[in-house]
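Novice: Sharing a structure below in structure tokens format, with a few things to ask.
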Amino acid sequence: MNTITRSLIPLLFILLSTPAWSQHGQEHQHEHEHEHEHEESVSDSAAGVASAAPATGRLTITPEIEIALANGGTAVVADVLGVVCDFCAVAMNKIFGKQEEVAAVYVDLDTKALNLVFKPGASLDDDAIAALAVQAGYRIAAVHRSPVVLGS
Amino acid sequence: MRARVQLLLLLFFAVGSAAVSARPVSYVGGWTFIEESNRQSTAALIHYTPSPSWSLGLRNEWVRDADYAITSLQPTYLLKRWFGQEYQANVYLQGGLGVASGTSGNPMSSTTAATAGVIADWETRRFFLGYNARYIDAGHFGDNAMQLVRMGWAPYEGDTQDLHTWLMLEIDHRPESADSVSVTPLLRFFRGPALLEVGFNIVDPTPLINFTYRF
């Protein structure tokens with residue numbers, strides 16, 4: 001390895017020891033008692049909603065969701081495990097967006113939640129939502145429904 | 001030779017990705033296009049995901065210095081996935097079976113080729129750690145093995161549809177290469193269904209360009 005290569009190794013350690021890392025560690029520790037961790041074998045095909053459900057779900061309002069609510073749709077917010085990137089959001093948008101019951105869908109990476117508004121008179125039960133999340137490659141931790149998700 | 005055959009039969013799945021791919025198994029019904037170019041090869045792959053646990057792709061890989069290319073079917077199997085509120089971790093087996101053919105005037109005849117690999121990753125919105133090992137058997141064109149680790153850090157947490165930026169460092173080990181260990185700093189840009197990685201190998205001066213698009 002040349003000099004440049006050798007110099008990059010300590011740089012990496014400097015990057016990893018920045019305050020951002022420390023802050024992340026503290027947040028993680030703080031949230032640890034609330035955190036749901038799942039280990040899944042791919043042979044576990046049964047889709048289920050995790051039993052311990054944090055009551056944190058609040059709907060993220062986007063223009064599409066606002067329109068769907070104005071049209072009389074009901075809202076669901078599902079806490080999703082493993083949502084760390086835009087590919088996760090794309091996967092769930094594709095899977096849930098194809099469902100005829102769904103009027104609007106938005107995956108919020110900040111709240112790690114799947115936001116759904118159904119067409120008037122339509123709905124999906126918790127098991128169906130969980131099964132669809134598995135098709136997208138993810139796991140539902142909890143499902144919150146109107147009016148709780150609207151903050152009422 | 002027998003051990004080589006046993007290894008290939010055991011894993012069967014062939015042509016492990018040369019990079020730590022972003023989610024080599026997509027959502028059910030999803031198509032993904034992946035282009036990869038590194039110090040050894042240039043490859044294009046399109047794969048389809050029929051199940052949450054596996055995908056099947058068609059891959060063409062040009063091994064530039066050795067003047068041959070492999071066209072193969074590439075299954076990827078999600079062996080294990082761990083979920084948390086802040087992280088996701090995966091272990092994949094990847095393989096393939098196809099045909100190796102000479103390029104750039106290489107007169108050698110076409111032959112059966114197979115590869116096998118394993119990919120592991122752990123990712124949060126700020127940190128990434130990945131490992132990839134791969135073995136190629138291209139018959140009389142030769143065989144080779146490689147492994148790499150990749151570390152990444154995102155300077156900020158982008159929300160949905162934001163531009164996500166990662167600083168990454170990839171260290172690869174290719175025993176057959178003159179520079180058996182090399183280092184590639186790279187930038188990853190990620191937005192919606194598209195991912196672009198641009199880097200430069202500072203030991204074996206070669207650009208790295210990877211692109212993924214999820215349909």
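By order in the structure tokens, chains are A, B, ...; within a chain, residues start at 1; ligands start at 1, following the order shown.
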Select residues of chain B: the criterion is any atom within 6 Å of an atom of chain A, counting only C-alpha atoms; output as a list in words.
Specialist: Tyr27, Val28, Pro52, Ser53, Lys80, Arg81, Trp82, Phe83, Gly84, Gln85, Tyr87, Gln88, Thr124, Arg125, Asp159, Thr160 and Gly192 of chain B
Novice: Could you list, as a PyMOL selection string, every residue within 10 Å of Gly57 (chain B), counting only C-alpha atoms and ignoring same-chain residues fewer than 4 positions away?
Specialist: chain B and resi 15+24+31-33+45-49+72-76+96
Novice: So that I can see what lies close to Lys119 (chain A), please list as a VMD selection string the residues with an atom at most 10 Å from it, counting only C-alpha atoms and leaving out residues fewer than 6 positions away in the same chain.
Specialist: chain A and resid 68 to 69 71 to 75 100 to 104
Novice: Select, from B:Ile34, B:Val91, B:Leu169, B:Ala133, the residue with the minimum atom-to-atom distance to Phe211 (chain B), counting only C-alpha atoms.
Specialist: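 Ranked by minimum distance to Phe211 (chain B), first place goes to B:Ile34.
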